[in-house]
Amino acid sequence: MLYVDIPTAPELQKLVAHRGEASVSFYLSTTPETQNIGQARTELGNLLKQAVAQLEAVATEKRTLWPIEEQVQDLLDDDDFWRFQANSLAVFVTPRSLRSFRLPNHLTDMVQVSDRFHIKPLLRAVSVQQHAFVLALAENEVRLVEVFADLPAQEVKVADMPKDAASAAGTANVNSRSYSQRKGGSEGQNVLLRAFCRKVDAALRPVLSGRSEPLILAATDPLASMFRSVSSHDHLAPDGIKASPVRKSAADLATEARPILDALHARMIAEVHDLFSARENDGRASTQVARVARAATFGAVDTLLVDIDEVVPGTVDETTGEVTFEKTESAISYGVVDEIAGRVLASGGRVLAVRRDDIPQKASLAAILRYAI
């Protein structure tokens with residue numbers, strides 16, 4: 001399975017709010033295949049050299065620089081840490097702390113050095129899902145399958161998961177025609193099946209609690225509609241695999257789940273595009289970096305789409321939102337679009353880190369405003 005620890009909303013806000021001399025943000029591609037993790041460790045070492053060079057170029061004191069090097073070197077030497085990885089790794093380092101997040105999506109290797117953290121690639125993990133769970137639910141079997149972007153799907157063992165509807169009801173079968181306290185005939189069968197669904201939902205809670213990955217239901221009615229009526233999972237996908245999951249392998253279920261994941265993402269992007277078009281006519285949407293920076297500074301941005309890969313070096317005035325663009329990256333500048341994203345998050349807005357093709361006009365960013373500015 002992928003070992004992920006996507007930042008919670010409070011953790012993300014803390015990263016956004018951080019300010020301090022020599023703040024280094026690393027992003028690198030990793031793999032859950034431990035035998036192949038060596039390349040990622042080597043790349044982090046190379047990125048560390050780039051970070052040190054940037055810090056030395058602005059005459060950073062050795063007492064500030066050395067703790068950063070030491071912490072990253074310690075991480076590089078930690079074999080246990082590298083045994084359990086996902087598809088990408090984000091590492092945020094200051095002279096006094098190091099924080100890492102293992103991410104399910106694929107990110108471009110990079111290092112950013114500034115007085116604040118570079119968080120835009122991290123937002124990709126909470127913007128787009130290609131990692132999901134499939135609940136294969138039938139009267140005679142229950143399975144939870146974890147689906148990955150580019151790894152084989154695998155079944156997840158769930159403690160206290162009922163084996164089937166009959167064992168959950170403590171009876172030989174749930175199709176008895178005899179009546180006892182309503183439990184008989186089609187009416188009684190529905191009572192037992194719904195109780196079965198509640199037990200399945202209860203068993204899933206410890207596994208899915210705190211996870212944002214979609215749960216895709218593979219079931220036929222009446223079990224499909226019954227489970228949806230009792231499910232407590234906030235991220236149960238509205239569309240499901242409607243065919244019976246019986247005798248389908250984990251790979252088969254993953255194949256049928258991927259179009260549902262693609263549709264979830266496409267629907268979200270389409271809704272944002274429609275709203276952007278409607279608000280643009282009212283002066284409440286823009287793809288102009290300078291204008292959006294000012295709007296974000298005054299808390300006027302409701303939703304922001306940003307290009308995950310591009311870095312636009314410069315600075316944004318803390319009070320006015322005025323942008324000063326730089327030609328090259330350095331330790332005395334930062335990513336302008338990244339800074340805008342941080343200000344949007346700080347004011348309670350929504351930020352979606354996507355590919356450029358998903359942004360209106362294929363711009364660096366696109367913002368939907370709360371009010372015209």
# chains A, B, ... in the order shown; residues from 1 in each chain; ligands from 1

call {"tool": "residues_around", "arguments": {"residues": "Glu21 (chain A)", "least_positions_apart": "6", "cutoff": "12 Å", "atoms": "only C-alpha atoms", "output": "list in words"}}
result
Leu55, Val58, Ala59, Thr60, Glu61, Arg63, Thr64, Leu65, Ile68, Val93, Thr94, Pro95, Arg96, Val113, Ser114, Asp115, Arg116, Phe117, Ala331, Ile332 and Ser333 of chain A

call {"tool": "residues_around", "arguments": {"residues": "region 27-39 of chain A", "least_positions_apart": "6", "cutoff": "9 Å", "atoms": "only C-alpha atoms", "output": "MDAnalysis selection string"}}
result
chainID A and resid 1:3 47 82:92 102 106:112 121:122

call {"tool": "write_last_selection", "arguments": {"atoms": "C-alpha atoms", "output": "PDB file, in the first residue's frame"}}
result
ATOM      1  CA  MET A   1       0.000   0.000   0.000  1.00  0.00           C
ATOM      2  CA  LEU A   2       0.994   3.650  -0.321  1.00  0.00           C
ATOM      3  CA  TYR A   3       2.218   5.172   2.928  1.00  0.00           C
ATOM      4  CA  LEU A  47      18.680  19.148  -4.232  1.00  0.00           C
ATOM      5  CA  TRP A  82      12.917   5.351   3.296  1.00  0.00           C
ATOM      6  CA  ARG A  83      11.369   1.883   3.627  1.00  0.00           C
ATOM      7  CA  PHE A  84       7.841   3.287   3.704  1.00  0.00           C
ATOM      8  CA  GLN A  85       7.169   5.783   0.922  1.00  0.00           C
ATOM      9  CA  ALA A  86       4.513   6.788  -1.584  1.00  0.00           C
ATOM     10  CA  ASN A  87       4.852   8.388  -5.040  1.00  0.00           C
ATOM     11  CA  SER A  88       6.277  11.744  -3.920  1.00  0.00           C
ATOM     12  CA  LEU A  89       7.852  13.319  -0.862  1.00  0.00           C
ATOM     13  CA  ALA A  90       7.647  16.899   0.396  1.00  0.00           C
ATOM     14  CA  VAL A  91      10.203  18.047   2.966  1.00  0.00           C
ATOM     15  CA  PHE A  92      10.135  21.447   4.687  1.00  0.00           C
ATOM     16  CA  ARG A 102       4.451  11.389   1.798  1.00  0.00           C
ATOM     17  CA  HIS A 106       3.536  12.398  -8.838  1.00  0.00           C
ATOM     18  CA  LEU A 107       5.415  15.675  -8.417  1.00  0.00           C
ATOM     19  CA  THR A 108       8.347  17.260 -10.226  1.00  0.00           C
ATOM     20  CA  ASP A 109      11.669  17.266  -8.375  1.00  0.00           C
ATOM     21  CA  MET A 110      12.477  20.765  -7.140  1.00  0.00           C
ATOM     22  CA  VAL A 111      13.926  22.831  -4.313  1.00  0.00           C
ATOM     23  CA  GLN A 112      12.792  26.325  -3.325  1.00  0.00           C
ATOM     24  CA  PRO A 121       2.857  21.334  -5.297  1.00  0.00           C
ATOM     25  CA  LEU A 122       1.653  20.080  -1.920  1.00  0.00           C
TER      26      LEU A 122
END

call {"tool": "select_by_dssp", "arguments": {"residues": "region 101-234 of chain A", "states": "alpha helix (DSSP H)", "output": "VMD selection string"}}
result
chain A and resid 120 to 127 165 to 169 185 to 208 223 to 230

call {"tool": "select_by_dssp", "arguments": {"residues": "region 101-218 of chain A", "states": "strand (DSSP E)", "output": "PyMOL selection string"}}
result
chain A and resi 101-103+110-114+132-138+141-147+154-156+215-218

call {"tool": "residues_around", "arguments": {"residues": "region 214-230 of chain A", "least_positions_apart": "3", "cutoff": "9 Å", "atoms": "only C-alpha atoms", "output": "PyMOL selection string"}}
result
chain A and resi 129+131-139+190+193-194+196-198+200-201+208+211+233-245+253+257+260-261

call {"tool": "write_last_selection", "arguments": {"atoms": "C-alpha atoms", "output": "tab-separated table (two decimals), in the first residue's frame"}}
result
chain	number	residue	atom	x	y	z
A	129	GLN	CA	-7.41	12.07	-6.62
A	131	HIS	CA	-5.85	7.12	-5.33
A	132	ALA	CA	-9.09	5.59	-4.10
A	133	PHE	CA	-10.76	2.71	-2.32
A	134	VAL	CA	-13.34	0.36	-3.83
A	135	LEU	CA	-15.83	-1.37	-1.56
A	136	ALA	CA	-16.89	-4.59	-3.26
A	137	LEU	CA	-20.17	-5.36	-1.50
A	138	ALA	CA	-22.32	-8.41	-2.11
A	139	GLU	CA	-24.60	-10.55	0.05
A	190	ASN	CA	-34.26	-5.88	4.01
A	193	LEU	CA	-29.31	-6.51	4.81
A	194	ARG	CA	-29.48	-2.97	6.12
A	196	PHE	CA	-25.27	-5.86	7.43
A	197	CYS	CA	-24.50	-2.58	5.64
A	198	ARG	CA	-24.27	-0.74	8.97
A	200	VAL	CA	-19.69	-2.89	7.06
A	201	ASP	CA	-19.75	0.88	7.48
A	208	LEU	CA	-11.02	5.53	6.26
A	211	ARG	CA	-8.74	10.00	4.61
A	233	HIS	CA	-17.97	8.24	4.88
A	234	ASP	CA	-17.87	11.84	3.65
A	235	HIS	CA	-16.11	10.94	0.41
A	236	LEU	CA	-18.39	8.21	-0.92
A	237	ALA	CA	-18.40	8.79	-4.70
A	238	PRO	CA	-21.85	9.59	-6.13
A	239	ASP	CA	-21.21	7.22	-9.04
A	240	GLY	CA	-20.33	3.62	-8.46
A	241	ILE	CA	-19.57	0.32	-10.18
A	242	LYS	CA	-23.08	-0.96	-10.77
A	243	ALA	CA	-22.23	-4.52	-11.76
A	244	SER	CA	-21.83	-7.31	-9.22
A	245	PRO	CA	-18.28	-7.43	-7.79
A	253	LEU	CA	-12.27	-3.41	-9.90
A	257	ALA	CA	-12.92	2.56	-10.85
A	260	ILE	CA	-15.18	7.17	-12.11
A	261	LEU	CA	-12.13	8.97	-10.67

call {"tool": "atom_distance", "arguments": {"atom1": "CA of Val316 (chain A)", "atom2": "CA of Val52 (chain A)"}}
result
24.4 Å

call {"tool": "closest_residue", "arguments": {"among": "A:Lys120, A:Ala251, A:Ala266, A:Pro67", "to": "Val306 (chain A)", "atoms": "only C-alpha atoms"}}
result
A:Lys120
